file run_28.pdb (PDB, C-alpha atoms, pLDDT in the B column)
ATOM      1  CA  MET U 277     150.219 -40.421 116.610  1.00 82.00           C
ATOM      2  CA  PHE U 278     147.256 -38.053 116.271  1.00 84.00           C
ATOM      3  CA  LEU U 279     143.505 -38.125 115.804  1.00 85.00           C
ATOM      4  CA  ILE U 280     142.258 -35.237 113.673  1.00 85.00           C
ATOM      5  CA  ASN U 281     138.915 -33.958 112.467  1.00 85.00           C
ATOM      6  CA  PRO U 282     139.662 -32.684 108.922  1.00 84.00           C
ATOM      7  CA  THR U 283     136.612 -30.400 109.021  1.00 84.00           C
ATOM      8  CA  THR U 284     137.317 -28.514 112.255  1.00 85.00           C
ATOM      9  CA  LEU U 285     141.072 -29.244 112.434  1.00 85.00           C
ATOM     10  CA  ASP U 286     140.684 -30.230 116.082  1.00 85.00           C
ATOM     11  CA  TYR U 287     143.198 -32.910 116.951  1.00 85.00           C
ATOM     12  CA  HIS U 288     144.239 -35.095 119.843  1.00 85.00           C
ATOM     13  CA  ARG U 289     147.751 -36.337 120.518  1.00 87.00           C
ATOM     14  CA  ILE U 290     147.945 -40.032 121.434  1.00 87.00           C
ATOM     15  CA  PRO U 291     150.772 -40.680 123.885  1.00 87.00           C
ATOM     16  CA  VAL U 292     153.339 -43.422 123.415  1.00 84.00           C
ATOM     17  CA  PHE U 293     152.407 -46.610 125.314  1.00 85.00           C
ATOM     18  CA  HIS U 294     155.114 -47.494 127.837  1.00 80.00           C
ATOM     19  CA  LEU U 295     154.607 -51.199 127.054  1.00 78.00           C
ATOM     20  CA  GLY U 296     154.581 -50.654 123.295  1.00 72.00           C
ATOM     21  CA  LEU U 297     157.037 -52.674 121.231  1.00 68.00           C
ATOM     22  CA  PRO U 298     159.762 -50.911 119.220  1.00 67.00           C
ATOM     23  CA  GLN U 299     158.799 -50.672 115.552  1.00 63.00           C
ATOM     24  CA  GLN U 300     162.030 -52.318 114.442  1.00 61.00           C
ATOM     25  CA  SER U 301     161.232 -55.489 116.412  1.00 58.00           C
ATOM     26  CA  SER U 302     157.520 -55.879 115.678  1.00 65.00           C
ATOM     27  CA  TYR U 303     154.893 -55.801 112.941  1.00 77.00           C
ATOM     28  CA  ARG U 304     151.745 -53.873 113.777  1.00 80.00           C
ATOM     29  CA  GLU U 305     148.223 -53.140 112.575  1.00 86.00           C
ATOM     30  CA  TYR U 306     146.026 -50.329 113.847  1.00 89.00           C
ATOM     31  CA  GLY U 307     142.304 -49.764 114.044  1.00 92.00           C
ATOM     32  CA  PHE U 308     140.173 -46.785 115.064  1.00 92.00           C
ATOM     33  CA  GLY U 309     136.483 -46.560 115.884  1.00 92.00           C
ATOM     34  CA  TYR U 310     133.750 -45.205 118.105  1.00 91.00           C
ATOM     35  CA  ASP U 311     132.445 -47.120 121.114  1.00 94.00           C
ATOM     36  CA  PHE U 312     128.716 -46.347 121.200  1.00 92.00           C
ATOM     37  CA  ALA U 313     128.218 -47.899 124.651  1.00 93.00           C
ATOM     38  CA  SER U 314     130.711 -45.655 126.448  1.00 91.00           C
ATOM     39  CA  ASP U 315     130.660 -42.655 124.074  1.00 90.00           C
ATOM     40  CA  ASP U 316     134.389 -43.024 123.496  1.00 91.00           C
ATOM     41  CA  TYR U 317     136.868 -43.167 120.637  1.00 90.00           C
ATOM     42  CA  LYS U 318     139.278 -46.086 120.790  1.00 94.00           C
ATOM     43  CA  VAL U 319     142.506 -46.946 119.002  1.00 93.00           C
ATOM     44  CA  VAL U 320     143.499 -50.621 118.821  1.00 94.00           C
ATOM     45  CA  ASN U 321     147.119 -51.619 118.203  1.00 91.00           C
ATOM     46  CA  LEU U 322     147.944 -55.221 117.266  1.00 91.00           C
ATOM     47  CA  SER U 323     151.706 -55.749 117.434  1.00 87.00           C
ATOM     48  CA  ARG U 324     153.303 -59.090 116.625  1.00 83.00           C
ATOM     49  CA  TYR U 325     156.555 -60.007 118.358  1.00 81.00           C
ATOM     50  CA  ARG U 326     158.680 -62.881 117.043  1.00 78.00           C
ATOM     51  CA  LYS U 327     162.018 -63.881 118.560  1.00 77.00           C
ATOM     52  CA  GLY U 328     163.324 -67.389 119.056  1.00 77.00           C
ATOM     53  CA  ASN U 329     160.493 -69.583 120.295  1.00 80.00           C
ATOM     54  CA  ILE U 330     158.333 -66.567 121.169  1.00 79.00           C
ATOM     55  CA  ASP U 331     155.603 -65.649 118.691  1.00 81.00           C
ATOM     56  CA  THR U 332     152.720 -63.597 120.051  1.00 86.00           C
ATOM     57  CA  THR U 333     150.536 -60.656 119.047  1.00 88.00           C
ATOM     58  CA  PHE U 334     149.826 -58.097 121.751  1.00 90.00           C
ATOM     59  CA  VAL U 335     146.500 -56.259 121.861  1.00 93.00           C
ATOM     60  CA  ASP U 336     146.678 -52.696 123.183  1.00 94.00           C
ATOM     61  CA  VAL U 337     143.677 -50.358 123.398  1.00 95.00           C
ATOM     62  CA  TYR U 338     143.764 -46.597 123.835  1.00 94.00           C
ATOM     63  CA  SER U 339     140.734 -44.756 125.213  1.00 92.00           C
ATOM     64  CA  VAL U 340     140.475 -41.110 124.162  1.00 90.00           C
ATOM     65  CA  ARG U 341     137.979 -40.334 126.933  1.00 88.00           C
ATOM     66  CA  MET U 342     140.239 -41.817 129.627  1.00 88.00           C
ATOM     67  CA  GLY U 343     143.458 -40.721 127.960  1.00 88.00           C
ATOM     68  CA  LEU U 344     145.309 -43.979 128.583  1.00 90.00           C
ATOM     69  CA  TRP U 345     146.502 -47.254 127.060  1.00 93.00           C
ATOM     70  CA  ARG U 346     145.592 -50.714 128.350  1.00 94.00           C
ATOM     71  CA  ARG U 347     146.995 -54.108 127.366  1.00 93.00           C
ATOM     72  CA  LEU U 348     144.502 -56.934 126.915  1.00 94.00           C
ATOM     73  CA  GLU U 349     145.098 -60.651 126.467  1.00 89.00           C
ATOM     74  CA  SER U 350     147.161 -61.669 123.443  1.00 89.00           C
ATOM     75  CA  LEU U 351     145.439 -62.152 120.098  1.00 89.00           C
ATOM     76  CA  PRO U 352     143.815 -65.625 120.025  1.00 87.00           C
ATOM     77  CA  TYR U 353     144.827 -66.194 116.369  1.00 86.00           C
ATOM     78  CA  ASP U 354     148.054 -67.096 114.631  1.00 79.00           C
ATOM     79  CA  ASP U 355     148.552 -63.749 112.940  1.00 78.00           C
ATOM     80  CA  VAL U 356     146.804 -60.723 111.487  1.00 81.00           C
ATOM     81  CA  LEU U 357     147.233 -60.782 107.725  1.00 69.00           C
ATOM     82  CA  SER U 358     148.470 -57.703 105.950  1.00 62.00           C
ATOM     83  CA  GLU U 359     146.057 -56.776 103.174  1.00 54.00           C
ATOM     84  CA  ARG U 360     147.625 -55.477 100.000  1.00 47.00           C
ATOM     85  CA  GLY U 361     147.023 -51.750 100.011  1.00 42.00           C
ATOM     86  CA  GLY U 362     144.178 -52.208 102.470  1.00 45.00           C
ATOM     87  CA  ALA U 363     143.167 -50.129 105.422  1.00 49.00           C
ATOM     88  CA  SER U 364     143.873 -51.490 108.861  1.00 77.00           C
ATOM     89  CA  GLY U 365     140.967 -52.336 111.119  1.00 88.00           C
ATOM     90  CA  VAL U 366     137.807 -51.890 109.000  1.00 91.00           C
ATOM     91  CA  PHE U 367     135.119 -50.343 111.219  1.00 93.00           C
ATOM     92  CA  VAL U 368     131.563 -51.620 110.699  1.00 94.00           C
ATOM     93  CA  ASN U 369     128.679 -51.928 113.163  1.00 94.00           C
ATOM     94  CA  GLY U 370     130.766 -50.843 116.164  1.00 94.00           C
ATOM     95  CA  VAL U 371     133.376 -53.524 115.386  1.00 96.00           C
ATOM     96  CA  LEU U 372     136.895 -53.429 113.931  1.00 96.00           C
ATOM     97  CA  HIS U 373     137.660 -56.177 111.400  1.00 94.00           C
ATOM     98  CA  TRP U 374     140.842 -57.805 110.155  1.00 92.00           C
ATOM     99  CA  MET U 375     141.814 -60.889 108.198  1.00 88.00           C
ATOM    100  CA  ALA U 376     143.721 -63.377 110.346  1.00 87.00           C
ATOM    101  CA  SER U 377     145.330 -66.776 109.916  1.00 82.00           C
ATOM    102  CA  LYS U 378     144.071 -69.797 111.795  1.00 81.00           C
ATOM    103  CA  ALA U 379     145.308 -73.373 111.316  1.00 77.00           C
ATOM    104  CA  SER U 380     146.878 -72.616 107.903  1.00 73.00           C
ATOM    105  CA  SER U 381     143.702 -70.936 106.677  1.00 77.00           C
ATOM    106  CA  PHE U 382     142.203 -67.476 107.000  1.00 81.00           C
ATOM    107  CA  VAL U 383     139.241 -66.080 108.931  1.00 87.00           C
ATOM    108  CA  ILE U 384     137.580 -62.697 109.323  1.00 91.00           C
ATOM    109  CA  ILE U 385     137.891 -61.562 112.924  1.00 93.00           C
ATOM    110  CA  GLY U 386     135.987 -58.806 114.669  1.00 95.00           C
ATOM    111  CA  PHE U 387     136.913 -56.811 117.765  1.00 96.00           C
ATOM    112  CA  ASP U 388     133.894 -55.338 119.528  1.00 97.00           C
ATOM    113  CA  LEU U 389     134.884 -51.933 120.897  1.00 96.00           C
ATOM    114  CA  SER U 390     132.267 -52.139 123.657  1.00 95.00           C
ATOM    115  CA  ASP U 391     133.124 -55.451 125.332  1.00 95.00           C
ATOM    116  CA  GLU U 392     136.666 -55.562 123.844  1.00 95.00           C
ATOM    117  CA  LYS U 393     136.359 -59.190 122.780  1.00 95.00           C
ATOM    118  CA  PHE U 394     137.352 -60.944 119.547  1.00 95.00           C
ATOM    119  CA  PHE U 395     134.985 -63.134 117.562  1.00 94.00           C
ATOM    120  CA  GLU U 396     134.828 -64.665 114.083  1.00 94.00           C
ATOM    121  CA  VAL U 397     132.651 -63.274 111.321  1.00 94.00           C
ATOM    122  CA  PRO U 398     131.421 -65.847 108.768  1.00 92.00           C
ATOM    123  CA  ALA U 399     133.243 -65.407 105.467  1.00 88.00           C
ATOM    124  CA  PRO U 400     131.595 -65.795 102.067  1.00 85.00           C
ATOM    125  CA  THR U 401     131.151 -69.391 100.947  1.00 78.00           C
ATOM    126  CA  ASN U 402     132.861 -70.835  97.864  1.00 69.00           C
ATOM    127  CA  LEU U 403     136.025 -68.793  98.244  1.00 69.00           C
ATOM    128  CA  TYR U 404     139.322 -69.912  96.816  1.00 60.00           C
ATOM    129  CA  GLY U 405     141.209 -70.554 100.047  1.00 57.00           C
ATOM    130  CA  ASN U 406     144.980 -70.166  99.844  1.00 54.00           C
ATOM    131  CA  GLU U 407     144.804 -69.731  96.052  1.00 58.00           C
ATOM    132  CA  LEU U 408     143.682 -66.112  96.436  1.00 60.00           C
ATOM    133  CA  ASP U 409     145.994 -63.648  94.725  1.00 60.00           C
ATOM    134  CA  TRP U 410     144.947 -60.908  97.153  1.00 67.00           C
ATOM    135  CA  TYR U 411     142.053 -59.814  99.310  1.00 75.00           C
ATOM    136  CA  GLU U 412     140.896 -56.705 101.115  1.00 80.00           C
ATOM    137  CA  LEU U 413     138.233 -55.818 103.654  1.00 87.00           C
ATOM    138  CA  ARG U 414     136.289 -52.588 103.256  1.00 85.00           C
ATOM    139  CA  SER U 415     133.230 -50.787 104.538  1.00 87.00           C
ATOM    140  CA  PHE U 416     130.639 -50.109 101.851  1.00 84.00           C
ATOM    141  CA  ARG U 417     127.426 -48.233 102.604  1.00 84.00           C
ATOM    142  CA  GLY U 418     127.527 -49.427 106.198  1.00 88.00           C
ATOM    143  CA  CYS U 419     128.169 -53.080 105.289  1.00 92.00           C
ATOM    144  CA  LEU U 420     131.251 -55.242 105.617  1.00 94.00           C
ATOM    145  CA  CYS U 421     132.748 -55.799 102.178  1.00 90.00           C
ATOM    146  CA  MET U 422     135.441 -58.164 100.929  1.00 87.00           C
ATOM    147  CA  PHE U 423     137.417 -58.148  97.688  1.00 81.00           C
ATOM    148  CA  CYS U 424     139.113 -61.306  96.477  1.00 79.00           C
ATOM    149  CA  ALA U 425     140.738 -62.330  93.225  1.00 72.00           C
ATOM    150  CA  LEU U 426     142.775 -65.035  91.554  1.00 64.00           C
ATOM    151  CA  LEU U 427     145.908 -64.281  89.566  1.00 59.00           C
ATOM    152  CA  GLU U 428     145.080 -63.095  86.038  1.00 60.00           C
ATOM    153  CA  SER U 429     141.352 -63.252  86.758  1.00 60.00           C
ATOM    154  CA  GLU U 430     138.446 -61.020  87.761  1.00 72.00           C
ATOM    155  CA  ILE U 431     137.747 -59.337  91.069  1.00 77.00           C
ATOM    156  CA  ASP U 432     134.900 -60.714  93.158  1.00 81.00           C
ATOM    157  CA  VAL U 433     133.237 -58.158  95.419  1.00 84.00           C
ATOM    158  CA  TRP U 434     131.309 -59.620  98.362  1.00 89.00           C
ATOM    159  CA  VAL U 435     128.970 -57.484 100.491  1.00 92.00           C
ATOM    160  CA  MET U 436     127.467 -58.694 103.790  1.00 95.00           C
ATOM    161  CA  LYS U 437     123.968 -57.180 103.690  1.00 94.00           C
ATOM    162  CA  GLU U 438     123.017 -58.369 107.196  1.00 95.00           C
ATOM    163  CA  TYR U 439     125.829 -58.294 109.723  1.00 96.00           C
ATOM    164  CA  ARG U 440     127.156 -61.710 110.873  1.00 93.00           C
ATOM    165  CA  VAL U 441     124.591 -63.563 108.743  1.00 94.00           C
ATOM    166  CA  GLU U 442     126.507 -65.838 106.374  1.00 92.00           C
ATOM    167  CA  GLU U 443     123.592 -66.213 103.963  1.00 92.00           C
ATOM    168  CA  SER U 444     123.418 -62.445 103.464  1.00 94.00           C
ATOM    169  CA  TRP U 445     126.688 -62.242 101.512  1.00 94.00           C
ATOM    170  CA  THR U 446     125.994 -61.058  97.955  1.00 90.00           C
ATOM    171  CA  THR U 447     128.541 -60.751  95.178  1.00 86.00           C
ATOM    172  CA  PHE U 448     129.282 -59.112  91.850  1.00 81.00           C
ATOM    173  CA  ARG U 449     132.331 -59.321  89.594  1.00 79.00           C
ATOM    174  CA  ILE U 450     134.591 -56.655  88.096  1.00 77.00           C
ATOM    175  CA  ASP U 451     136.917 -57.162  85.133  1.00 71.00           C
ATOM    176  CA  ARG U 452     140.537 -57.095  86.264  1.00 60.00           C
ATOM    177  CA  MET U 453     142.232 -53.714  86.006  1.00 62.00           C
ATOM    178  CA  ASP U 454     145.583 -52.299  87.027  1.00 58.00           C
ATOM    179  CA  LEU U 455     145.308 -51.945  90.803  1.00 56.00           C
ATOM    180  CA  GLU U 456     148.909 -51.405  91.814  1.00 56.00           C
ATOM    181  CA  ASN U 457     147.852 -49.392  94.868  1.00 53.00           C
ATOM    182  CA  GLY U 458     144.917 -51.602  95.800  1.00 55.00           C
ATOM    183  CA  LEU U 459     141.239 -50.747  95.894  1.00 57.00           C
ATOM    184  CA  VAL U 460     141.371 -47.401  97.591  1.00 57.00           C
ATOM    185  CA  PRO U 461     139.142 -45.912  98.817  1.00 57.00           C
ATOM    186  CA  PHE U 462     136.049 -47.699  97.384  1.00 69.00           C
ATOM    187  CA  CYS U 463     133.755 -44.754  97.974  1.00 77.00           C
ATOM    188  CA  PRO U 464     130.223 -44.425  96.503  1.00 79.00           C
ATOM    189  CA  ILE U 465     129.687 -41.180  94.594  1.00 82.00           C
ATOM    190  CA  SER U 466     126.196 -42.023  93.271  1.00 84.00           C
ATOM    191  CA  ASP U 467     123.666 -44.856  93.433  1.00 84.00           C
ATOM    192  CA  ASP U 468     125.619 -46.858  90.850  1.00 85.00           C
ATOM    193  CA  ASP U 469     129.141 -45.350  90.737  1.00 87.00           C
ATOM    194  CA  VAL U 470     131.929 -46.107  93.194  1.00 83.00           C
ATOM    195  CA  VAL U 471     135.536 -44.960  93.275  1.00 81.00           C
ATOM    196  CA  LEU U 472     137.700 -48.072  93.145  1.00 75.00           C
ATOM    197  CA  SER U 473     141.265 -46.854  93.071  1.00 70.00           C
ATOM    198  CA  VAL U 474     143.589 -43.941  92.459  1.00 65.00           C
ATOM    199  CA  ASP U 475     146.274 -43.711  89.805  1.00 66.00           C
ATOM    200  CA  ARG U 476     148.491 -40.635  90.016  1.00 63.00           C
ATOM    201  CA  ASP U 477     146.128 -37.728  89.252  1.00 65.00           C
ATOM    202  CA  ARG U 478     143.024 -39.692  88.305  1.00 73.00           C
ATOM    203  CA  LEU U 479     140.399 -41.923  89.896  1.00 77.00           C
ATOM    204  CA  THR U 480     139.046 -45.235  88.632  1.00 80.00           C
ATOM    205  CA  VAL U 481     135.231 -45.197  88.820  1.00 85.00           C
ATOM    206  CA  TYR U 482     133.177 -48.366  88.442  1.00 84.00           C
ATOM    207  CA  ASN U 483     129.483 -48.398  87.509  1.00 86.00           C
ATOM    208  CA  ILE U 484     127.843 -51.367  89.222  1.00 82.00           C
ATOM    209  CA  LYS U 485     124.675 -51.279  87.100  1.00 84.00           C
ATOM    210  CA  GLU U 486     126.438 -51.035  83.725  1.00 85.00           C
ATOM    211  CA  ASP U 487     129.418 -53.205  84.761  1.00 80.00           C
ATOM    212  CA  GLN U 488     131.835 -50.669  83.294  1.00 82.00           C
ATOM    213  CA  TRP U 489     134.724 -48.643  84.645  1.00 80.00           C
ATOM    214  CA  ARG U 490     136.199 -45.342  83.549  1.00 84.00           C
ATOM    215  CA  TYR U 491     138.851 -42.841  84.563  1.00 81.00           C
ATOM    216  CA  MET U 492     137.947 -39.566  86.242  1.00 79.00           C
ATOM    217  CA  GLU U 493     140.482 -36.775  86.036  1.00 76.00           C
ATOM    218  CA  VAL U 494     141.036 -34.603  89.136  1.00 71.00           C
ATOM    219  CA  ASP U 495     141.780 -30.972  88.283  1.00 73.00           C
ATOM    220  CA  GLY U 496     144.221 -28.877  90.237  1.00 66.00           C
ATOM    221  CA  LEU U 497     146.439 -31.626  91.596  1.00 61.00           C
ATOM    222  CA  THR U 498     150.165 -31.013  91.436  1.00 54.00           C
ATOM    223  CA  TYR U 499     151.274 -34.289  93.015  1.00 59.00           C
ATOM    224  CA  MET U 500     150.168 -37.839  92.428  1.00 58.00           C
ATOM    225  CA  PHE U 501     148.111 -39.707  95.021  1.00 58.00           C
ATOM    226  CA  GLU U 502     150.128 -41.855  97.412  1.00 55.00           C
ATOM    227  CA  ARG U 503     147.783 -42.506 100.322  1.00 58.00           C
ATOM    228  CA  THR U 504     144.059 -41.832 100.246  1.00 62.00           C
ATOM    229  CA  GLY U 505     141.083 -42.290 102.493  1.00 66.00           C
ATOM    230  CA  ILE U 506     137.513 -41.189 102.966  1.00 70.00           C
ATOM    231  CA  PHE U 507     135.745 -39.405 105.781  1.00 71.00           C
ATOM    232  CA  ILE U 508     132.251 -38.185 106.563  1.00 71.00           C
ATOM    233  CA  GLU U 509     132.160 -34.484 107.356  1.00 72.00           C
ATOM    234  CA  SER U 510     131.428 -33.910 111.026  1.00 74.00           C
ATOM    235  CA  LEU U 511     131.732 -31.237 113.720  1.00 72.00           C
ATOM    236  CA  VAL U 512     132.363 -33.834 116.431  1.00 74.00           C
ATOM    237  CA  SER U 513     135.557 -33.121 118.362  1.00 75.00           C
ATOM    238  CA  PRO U 514     138.208 -35.826 118.899  1.00 74.00           C
ATOM    239  CA  MET U 515     138.637 -34.537 122.459  1.00 71.00           C
ATOM    240  CA  PHE U 516     136.769 -35.120 125.718  1.00 66.00           C
ATOM    241  CA  GLY U 517     137.068 -32.293 128.235  1.00 55.00           C
ATOM    242  CA  MET U 518     140.363 -31.504 129.945  1.00 48.00           C
ATOM    243  CA  GLY U 519     141.335 -35.080 130.759  1.00 48.00           C
ATOM    244  CA  THR U 520     143.150 -35.628 127.478  1.00 50.00           C
ATOM    245  CA  GLU U 521     145.837 -33.784 125.617  1.00 54.00           C
ATOM    246  CA  GLY U 522     143.918 -32.091 122.842  1.00 47.00           C
ATOM    247  CA  TYR U 523     144.670 -29.108 120.629  1.00 41.00           C
ATOM    248  CA  HIS U 524     142.856 -26.775 118.325  1.00 40.00           C
ATOM    249  CA  ILE U 525     144.330 -25.176 115.234  1.00 40.00           C
ATOM    250  CA  ALA U 526     142.915 -21.734 114.615  1.00 33.00           C
TER
END

call {"tool": "encode", "arguments": {"input": "run_28.pdb", "output": "structure tokens"}}
result
Amino acid sequence: MFLINPTTLDYHRIPVFHLGLPQQSSYREYGFGYDFASDDYKVVNLSRYRKGNIDTTFVDVYSVRMGLWRRLESLPYDDVLSERGGASGVFVNGVLHWMASKASSFVIIGFDLSDEKFFEVPAPTNLYGNELDWYELRSFRGCLCMFCALLESEIDVWVMKEYRVEESWTTFRIDRMDLENGLVPFCPISDDDVVLSVDRDRLTVYNIKEDQWRYMEVDGLTYMFERTGIFIESLVSPMFGMGTEGYHIA
């Protein structure tokens, strides 16, 4: 596993954790973010192990500054839910977020990278519970965002304007479209336009103000999109001194 800055091409090799579970015997979710308190990048690995009467999710944290893995207490929830086409560990406000199951329902959980503790984030009210066709968490203009939809219905987009304040959730609705690969990457390209998804060599762009979506062709592509993401251009290095195994590509 590597951390890479696409602008500078600096990268850092993350070593294999000696307590890490084999991929064939576990299901895992990752998260990556910056710890403002300690000026450190951290990778969080949630790996669920199920065998016989044993069912637990291990929480492992890697510190780039220290160059080592640590195992914390097990996840205090039933399971981390896999979001269809979604990114793992949505980073907002110094916290990584996942959907998790709890007592046959779902909750939004946050993992604070500074104190390395889990907590629950209030979800939007009036959701559909277990009747949801799919859901995804995203970061949108610095706010936690949640997509949810019913089968053969529209997509509700919820945005938490003020972090951890339940009353600050606002919503708008998008007509259902073909989203085989999920809502990726949901990136604003103007005040009103956001990229919602990718389909082979074109992007689906939604205009929030006009409540309309359109296709945007991408010139010069020879292969269709398979995995996409967004990043903010930066000259910050993913390495800290000589204490970690970092590389530079000339």

call {"tool": "residues_around", "arguments": {"input": "run_28.pdb", "residues": "Tyr353 in chain U", "least_positions_apart": "6", "cutoff": "10 Å", "atoms": "only C-alpha atoms", "output": "list in words"}}
result
Thr332, Thr333, Ala376, Ser377, Lys378, Ala379, Phe382, Val383, Ile385 and Phe394 of chain U

call {"tool": "atom_distance", "arguments": {"input": "run_28.pdb", "atom1": "CA of Ser390 in chain U", "atom2": "CA of Phe312 in chain U"}}
result
7.2 Å

call {"tool": "atom_distance", "arguments": {"input": "run_28.pdb", "atom1": "CA of Ser473 in chain U", "atom2": "CA of Met492 in chain U"}}
result
10.5 Å

call {"tool": "atom_distance", "arguments": {"input": "run_28.pdb", "atom1": "CA of Pro514 in chain U", "atom2": "CA of Gly307 in chain U"}}
result
15.3 Å

call {"tool": "closest_residue", "arguments": {"input": "run_28.pdb", "among": "U:Val471, U:Val319, U:Leu295, U:Val366", "to": "Phe334 in chain U", "atoms": "all atoms listed in the file"}}
result
U:Leu295

call {"tool": "closest_residue", "arguments": {"input": "run_28.pdb", "among": "U:Trp445, U:Tyr439, U:Tyr482, U:Tyr310", "to": "Met422 in chain U", "atoms": "only C-alpha atoms"}}
result
U:Trp445

call {"tool": "residues_around", "arguments": {"input": "run_28.pdb", "residues": "Val320 in chain U", "least_positions_apart": "5", "cutoff": "7 Å", "atoms": "all atoms listed in the file", "output": "JSON, numbers by chain"}}
result
{"U": [306, 307, 308, 336, 337, 338]}

call {"tool": "resolve_selection", "arguments": {"input": "run_28.pdb", "expression": "the PyMOL selection byres ((chain U and resi 281) around 9)", "output": "list in words"}}
result
Leu279, Ile280, Pro282, Thr283, Thr284, Leu285, Asp286, Tyr287, Glu509, Ser510, Leu511, Val512, Ser513 and Pro514 of chain U

call {"tool": "closest_residue", "arguments": {"input": "run_28.pdb", "among": "U:Gly343, U:Phe293, U:Gly365, U:Ala313", "to": "Ile384 in chain U", "atoms": "all atoms listed in the file"}}
result
U:Gly365

call {"tool": "resolve_selection", "arguments": {"input": "run_28.pdb", "expression": "the PyMOL selection byres ((chain U and resi 340) around 7)", "output": "PDB file with C-alpha atoms, in the coordinates of the input"}}
result
ATOM      1  CA  ASP U 316     134.389 -43.024 123.496  1.00 91.00           C
ATOM      2  CA  TYR U 317     136.868 -43.167 120.637  1.00 90.00           C
ATOM      3  CA  LYS U 318     139.278 -46.086 120.790  1.00 94.00           C
ATOM      4  CA  TYR U 338     143.764 -46.597 123.835  1.00 94.00           C
ATOM      5  CA  SER U 339     140.734 -44.756 125.213  1.00 92.00           C
ATOM      6  CA  ARG U 341     137.979 -40.334 126.933  1.00 88.00           C
ATOM      7  CA  MET U 342     140.239 -41.817 129.627  1.00 88.00           C
ATOM      8  CA  GLY U 343     143.458 -40.721 127.960  1.00 88.00           C
ATOM      9  CA  THR U 520     143.150 -35.628 127.478  1.00 50.00           C
TER      10      THR U 520
END

call {"tool": "residues_around", "arguments": {"input": "run_28.pdb", "residues": "Val433 in chain U", "least_positions_apart": "3", "cutoff": "8 Å", "atoms": "only C-alpha atoms", "output": "PDB file with C-alpha atoms, in the frame of the given file"}}
result
ATOM      1  CA  CYS U 421     132.748 -55.799 102.178  1.00 90.00           C
ATOM      2  CA  MET U 422     135.441 -58.164 100.929  1.00 87.00           C
ATOM      3  CA  PHE U 423     137.417 -58.148  97.688  1.00 81.00           C
ATOM      4  CA  CYS U 424     139.113 -61.306  96.477  1.00 79.00           C
ATOM      5  CA  THR U 447     128.541 -60.751  95.178  1.00 86.00           C
ATOM      6  CA  PHE U 448     129.282 -59.112  91.850  1.00 81.00           C
ATOM      7  CA  ARG U 449     132.331 -59.321  89.594  1.00 79.00           C
ATOM      8  CA  ILE U 450     134.591 -56.655  88.096  1.00 77.00           C
TER       9      ILE U 450
END

call {"tool": "closest_residue", "arguments": {"input": "run_28.pdb", "among": "U:Met277, U:Leu351, U:Val470, U:Leu420", "to": "Gly370 in chain U", "atoms": "all atoms listed in the file"}}
result
U:Leu420

call {"tool": "residues_near_point", "arguments": {"input": "run_28.pdb", "point": "(123.5, -62.4, 98.8)", "cutoff": "8 Å", "atoms": "only C-alpha atoms", "output": "CSV table (one decimal) with C-alpha atoms, in the frame of the given file"}}
result
chain,number,residue,atom,x,y,z
U,435,VAL,CA,129.0,-57.5,100.5
U,436,MET,CA,127.5,-58.7,103.8
U,437,LYS,CA,124.0,-57.2,103.7
U,443,GLU,CA,123.6,-66.2,104.0
U,444,SER,CA,123.4,-62.4,103.5
U,445,TRP,CA,126.7,-62.2,101.5
U,446,THR,CA,126.0,-61.1,98.0
U,447,THR,CA,128.5,-60.8,95.2

call {"tool": "closest_residue", "arguments": {"input": "run_28.pdb", "among": "U:Lys485, U:Arg417, U:Gly386, U:Arg478", "to": "Ile508 in chain U", "atoms": "only C-alpha atoms"}}
result
U:Arg417

call {"tool": "residues_around", "arguments": {"input": "run_28.pdb", "residues": "Val335 in chain U", "least_positions_apart": "5", "cutoff": "9 Å", "atoms": "only C-alpha atoms", "output": "list in words"}}
result
Val320, Asn321, Leu322, Ser323, Arg346, Arg347, Leu348, Glu349, Ser350 and Leu351 of chain U

call {"tool": "resolve_selection", "arguments": {"input": "run_28.pdb", "expression": "the PyMOL selection byres ((chain U and resi 398) around 8)", "output": "list in words"}}
result
Val383, Ile384, Glu396, Val397, Ala399, Pro400, Arg440, Val441 and Glu442 of chain U

call {"tool": "closest_residue", "arguments": {"input": "run_28.pdb", "among": "U:Val356, U:Val371, U:Ile290, U:Ser380", "to": "Phe278 in chain U", "atoms": "only C-alpha atoms"}}
result
U:Ile290

call {"tool": "build_atoms", "arguments": {"input": "run_28.pdb", "residues": "range 483-489 of chain U", "atoms": "N, CA and C atoms", "output": "mmCIF file, in the coordinates of the input"}}
result
data_model
loop_
_atom_site.group_PDB
_atom_site.id
_atom_site.type_symbol
_atom_site.label_atom_id
_atom_site.label_comp_id
_atom_site.auth_asym_id
_atom_site.auth_seq_id
_atom_site.Cartn_x
_atom_site.Cartn_y
_atom_site.Cartn_z
ATOM 1 N N ASN U 483 130.935 -48.466 87.499
ATOM 2 C CA ASN U 483 129.483 -48.398 87.509
ATOM 3 C C ASN U 483 128.932 -49.808 87.715
ATOM 4 N N ILE U 484 128.323 -50.026 88.868
ATOM 5 C CA ILE U 484 127.843 -51.367 89.222
ATOM 6 C C ILE U 484 126.737 -51.820 88.278
ATOM 7 N N LYS U 485 125.822 -50.913 87.934
ATOM 8 C CA LYS U 485 124.675 -51.279 87.100
ATOM 9 C C LYS U 485 125.103 -51.623 85.676
ATOM 10 N N GLU U 486 126.014 -50.829 85.111
ATOM 11 C CA GLU U 486 126.438 -51.035 83.725
ATOM 12 C C GLU U 486 127.627 -51.989 83.615
ATOM 13 N N ASP U 487 128.236 -52.341 84.736
ATOM 14 C CA ASP U 487 129.418 -53.205 84.761
ATOM 15 C C ASP U 487 130.519 -52.633 83.874
ATOM 16 N N GLN U 488 130.800 -51.343 84.064
ATOM 17 C CA GLN U 488 131.835 -50.669 83.294
ATOM 18 C C GLN U 488 132.648 -49.776 84.220
ATOM 19 N N TRP U 489 133.913 -49.567 83.876
ATOM 20 C CA TRP U 489 134.724 -48.643 84.645
ATOM 21 C C TRP U 489 135.351 -47.605 83.724
#
